[in-house]
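Report on the following structure.
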Amino acid sequence: IYLDHKMKFVTAATILVAAGSAAAFSMHMVAQSNNNGLEHGSRRAFLSKSSAAVVASTLLPKAASADDTPTVDENGFITTESGLKYKVIKEPAENAAMPETGQTVKAHYTGWLDDFDSIRKFDSSRDRNRPFTFRVGAGQVIRGWDESFSSMKVGERRQIIIPPRLGYGDRGAGGVIPGGATLYFDVELLNIL
């Protein structure tokens with residue numbers, strides 16, 4: 001999803017550069033006609049003088065990628081474009097697999113309402129010693145889980161903070177999670193099935 005947004009930006013920037021070049025050429029032609037033809041007002045002359053603009057436009061994707069660096073807050077959490085926050089607390093093996101959309105994963109989790117390790121724990125597969133399985137990206141879980149697990153590798157463990165719109169929203173869930181609740185999870189991707 002993030003890559004799609006980046007491609008849309010680069011495409012829009014390219015269109016703007018093209019439109020800007022056309023407008024600049026038109027303005028150049030008008031200026032040349034007002035200049036009593038002292039300079040040759042051809043397209044070729046304009047393009048040779050505007051090569052710097054072409055070079056600059058090729059740098060647009062590089063400039064856009066400079067913003068790709070995730071922001072890390074004072075507690076070590078990275079915030080994604082959607083507002084999900086996460087911190088890796090156990091690194092996966094270097095060659096660990098990452099699930100693709102639709103693949104079934106096995107995971108452990110613990111969820112809290114107020115903060116990590118608060119007294120308001122609402123569920124835990126670890127406490128039951130029974131991992132949870134679901135298909136990543138298939139809408140079987142809340143959006144914050146789909147987003148987080150789609151970028152995790154087997155063996156990775158994270159703390160994730162899920163804003164209400166990526167969790168249960170204003171409706172809440174099962175009388176246990178109130179509407180508008182921010183959810184705190186400790187999640188671990190155990191395996192891809």
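Just remember, in the structure tokens the first chain shown is A, the second B, etc., residues are 1-based per chain, and ligands are 1-based in the order shown.
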
Name all residues at most 12 Å from Arg120 in chain A (count only C-alpha atoms; drop same-chain ones fewer than 5 positions away) and give them as a list in words. Thr110, Gly111, Trp112, Leu113, Asp114, Asp115, Val176, Ile177, Pro178, Ala181, Leu183, Tyr184 and Phe185 of chain A

Could you save those same residues with all heavy atoms as a short mmCIF file (atom, residue, chain, number, x, y, z; two decimals), in the first residue's frame?
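Writing done, so here's result15.cif:
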```cif
data_model
loop_
_atom_site.label_atom_id
_atom_site.label_comp_id
_atom_site.auth_asym_id
_atom_site.auth_seq_id
_atom_site.Cartn_x
_atom_site.Cartn_y
_atom_site.Cartn_z
N THR A 110 -0.83 -10.88 23.51
CA THR A 110 -1.47 -10.43 24.75
C THR A 110 -1.95 -9.02 24.47
O THR A 110 -1.24 -8.22 23.86
CB THR A 110 -0.49 -10.43 25.94
OG1 THR A 110 0.03 -11.75 26.12
CG2 THR A 110 -1.18 -9.98 27.22
N GLY A 111 -3.19 -8.71 24.89
CA GLY A 111 -3.77 -7.39 24.64
C GLY A 111 -4.18 -6.68 25.92
O GLY A 111 -4.71 -7.31 26.84
N TRP A 112 -3.91 -5.37 25.96
CA TRP A 112 -4.27 -4.53 27.10
C TRP A 112 -5.01 -3.29 26.62
O TRP A 112 -4.90 -2.89 25.46
CB TRP A 112 -3.03 -4.04 27.84
CG TRP A 112 -2.18 -5.09 28.45
CD1 TRP A 112 -2.28 -5.63 29.70
CD2 TRP A 112 -1.05 -5.73 27.85
NE1 TRP A 112 -1.29 -6.55 29.92
CE2 TRP A 112 -0.52 -6.64 28.78
CE3 TRP A 112 -0.43 -5.63 26.59
CZ2 TRP A 112 0.59 -7.44 28.53
CZ3 TRP A 112 0.68 -6.42 26.33
CH2 TRP A 112 1.18 -7.30 27.29
N LEU A 113 -5.71 -2.63 27.54
CA LEU A 113 -6.42 -1.41 27.20
C LEU A 113 -5.62 -0.15 27.52
O LEU A 113 -5.53 0.73 26.69
CB LEU A 113 -7.78 -1.35 27.92
CG LEU A 113 -8.83 -2.31 27.36
CD1 LEU A 113 -10.10 -2.24 28.20
CD2 LEU A 113 -9.13 -1.99 25.91
N ASP A 114 -5.05 -0.02 28.67
CA ASP A 114 -4.45 1.26 29.07
C ASP A 114 -3.00 1.43 28.66
O ASP A 114 -2.55 2.53 28.39
CB ASP A 114 -4.58 1.46 30.58
CG ASP A 114 -6.03 1.57 31.01
OD1 ASP A 114 -6.81 2.15 30.24
OD2 ASP A 114 -6.36 1.09 32.10
N ASP A 115 -2.25 0.36 28.67
CA ASP A 115 -0.83 0.40 28.35
C ASP A 115 -0.33 -1.04 28.43
O ASP A 115 -1.04 -1.92 28.92
CB ASP A 115 -0.08 1.28 29.37
CG ASP A 115 1.26 1.78 28.85
OD1 ASP A 115 1.70 1.34 27.77
OD2 ASP A 115 1.88 2.62 29.53
N VAL A 176 -16.11 -5.95 26.43
CA VAL A 176 -14.81 -5.94 27.09
C VAL A 176 -13.97 -4.75 26.63
O VAL A 176 -13.29 -4.12 27.42
CB VAL A 176 -14.05 -7.26 26.80
CG1 VAL A 176 -12.66 -7.25 27.42
CG2 VAL A 176 -14.84 -8.45 27.29
N ILE A 177 -14.05 -4.46 25.34
CA ILE A 177 -13.28 -3.35 24.76
C ILE A 177 -14.25 -2.22 24.47
O ILE A 177 -15.15 -2.35 23.63
CB ILE A 177 -12.55 -3.80 23.47
CG1 ILE A 177 -11.58 -4.93 23.82
CG2 ILE A 177 -11.84 -2.62 22.83
CD1 ILE A 177 -10.95 -5.59 22.63
N PRO A 178 -14.11 -1.10 25.18
CA PRO A 178 -15.03 0.02 24.97
C PRO A 178 -14.81 0.70 23.62
O PRO A 178 -13.73 0.60 23.03
CB PRO A 178 -14.70 0.97 26.12
CG PRO A 178 -13.30 0.65 26.50
CD PRO A 178 -13.10 -0.81 26.19
N ALA A 181 -11.41 2.77 22.00
CA ALA A 181 -10.23 2.33 22.76
C ALA A 181 -9.00 2.19 21.88
O ALA A 181 -9.06 1.65 20.78
CB ALA A 181 -10.52 0.99 23.44
N LEU A 183 -5.64 0.17 21.55
CA LEU A 183 -5.28 -1.18 21.99
C LEU A 183 -3.77 -1.35 22.02
O LEU A 183 -3.07 -0.89 21.12
CB LEU A 183 -5.90 -2.22 21.05
CG LEU A 183 -7.41 -2.09 20.84
CD1 LEU A 183 -7.88 -3.08 19.79
CD2 LEU A 183 -8.16 -2.29 22.14
N TYR A 184 -3.29 -2.05 23.03
CA TYR A 184 -1.86 -2.31 23.21
C TYR A 184 -1.67 -3.82 23.14
O TYR A 184 -2.26 -4.56 23.92
CB TYR A 184 -1.39 -1.78 24.57
CG TYR A 184 -1.56 -0.29 24.70
CD1 TYR A 184 -2.80 0.25 25.05
CD2 TYR A 184 -0.50 0.57 24.45
CE1 TYR A 184 -2.96 1.63 25.15
CE2 TYR A 184 -0.66 1.94 24.55
CZ TYR A 184 -1.89 2.46 24.90
OH TYR A 184 -2.06 3.82 25.00
N PHE A 185 -0.85 -4.27 22.19
CA PHE A 185 -0.61 -5.69 22.01
C PHE A 185 0.87 -6.01 22.02
O PHE A 185 1.69 -5.25 21.51
CB PHE A 185 -1.17 -6.19 20.67
CG PHE A 185 -2.65 -6.38 20.62
CD1 PHE A 185 -3.45 -5.41 20.06
CD2 PHE A 185 -3.24 -7.54 21.10
CE1 PHE A 185 -4.82 -5.58 19.98
CE2 PHE A 185 -4.61 -7.72 21.03
CZ PHE A 185 -5.41 -6.73 20.47
#
```

Near Lys87 in chain A, within 6 Å and counting only C-alpha atoms, which residues show up once chain neighbours fewer than 6 positions away are dropped, as a list in words?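 Those residues are Phe77, Arg158 and Gln159 of chain A.
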
Near-Asp73 in chain A list (12 Å; only C-alpha atoms; drop same-chain fewer than 5 positions) as a list in words: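 Using only C-alpha atoms, the neighbours found are Ile78, Thr79, Thr80, Lys85, Tyr86 and Lys87 of chain A.
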
Using N, CA and C atoms, can you write the selected residues to a file as a PDB file, in the first residue's frame?
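Saved file part_22.pdb follows:
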```pdb
ATOM      1  N   ILE A  78       7.905   3.096  16.113  1.00  0.00           N
ATOM      2  CA  ILE A  78       7.818   3.602  14.746  1.00  0.00           C
ATOM      3  C   ILE A  78       6.339   3.792  14.436  1.00  0.00           C
ATOM      4  N   THR A  79       5.986   4.924  13.840  1.00  0.00           N
ATOM      5  CA  THR A  79       4.602   5.181  13.454  1.00  0.00           C
ATOM      6  C   THR A  79       4.475   5.024  11.953  1.00  0.00           C
ATOM      7  N   THR A  80       3.532   4.180  11.532  1.00  0.00           N
ATOM      8  CA  THR A  80       3.308   3.967  10.109  1.00  0.00           C
ATOM      9  C   THR A  80       2.384   5.054   9.564  1.00  0.00           C
ATOM     10  N   LYS A  85       1.465   2.091  15.580  1.00  0.00           N
ATOM     11  CA  LYS A  85       2.797   2.251  16.158  1.00  0.00           C
ATOM     12  C   LYS A  85       3.314   0.871  16.537  1.00  0.00           C
ATOM     13  N   TYR A  86       4.615   0.658  16.303  1.00  0.00           N
ATOM     14  CA  TYR A  86       5.191  -0.620  16.696  1.00  0.00           C
ATOM     15  C   TYR A  86       6.654  -0.474  17.088  1.00  0.00           C
ATOM     16  N   LYS A  87       7.075  -1.430  17.926  1.00  0.00           N
ATOM     17  CA  LYS A  87       8.473  -1.513  18.333  1.00  0.00           C
ATOM     18  C   LYS A  87       8.845  -2.991  18.317  1.00  0.00           C
TER      19      LYS A  87
END
```

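The smallest atom-to-atom distance between Leu190 in chain A and any of A:Ser151, A:Ser118, A:Thr133, A:Asn95, using only C-alpha atoms, is found for A:Thr133.
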
Skip Asn191 in chain A itself and residues of its chain fewer than 2 positions away, then list as a ChimeraX atom specification all residues within 10 Å of it, counting only C-alpha atoms. /A:96-99,104-107,133,153-156,188-189,193

When you look at Ile142 in chain A with a cut-off of 6 Å (counting only C-alpha atoms), what residues show up, excluding the ones that are within fewer than 2 positions of it in the same chain? I need them as JSON, numbers by chain. {"A": [144, 145, 167]}

Between A:Ile162, A:Val72, A:Leu84, A:Ile192, which one has atoms that come closest to Arg135 in chain A, using only C-alpha atoms?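 So, comparing all the options, the nearest one is A:Ile192.
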
Select, from A:Phe132, A:Tyr168, A:Phe122, A:Phe149, the residue with the minimum atom-to-atom distance to Glu100 in chain A, counting only C-alpha atoms.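 Of all the options, A:Phe149 lies closest to Glu100 in chain A.
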
Using DSSP secondary structure from the backbone, list all strand (DSSP E or B) positions within range 45-192 of chain A, as a PyMOL selection string. chain A and resi 72+78-79+85-90+104-112+121-124+132-135+157-162+173+177+183-192

What is the CA of Val141 in chain A to CA of Asp123 in chain A distance in Å?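 Taking CA of Val141 in chain A as the start and CA of Asp123 in chain A as the end point, the length is 14.1 Å.
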
What gap, in Å, lies between CA of Ser124 in chain A and CA of Lys90 in chain A? 18.2 Å

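Interatomic distance, CA of Pro163 in chain A against CA of Asn129 in chain A: 26.9 Å.
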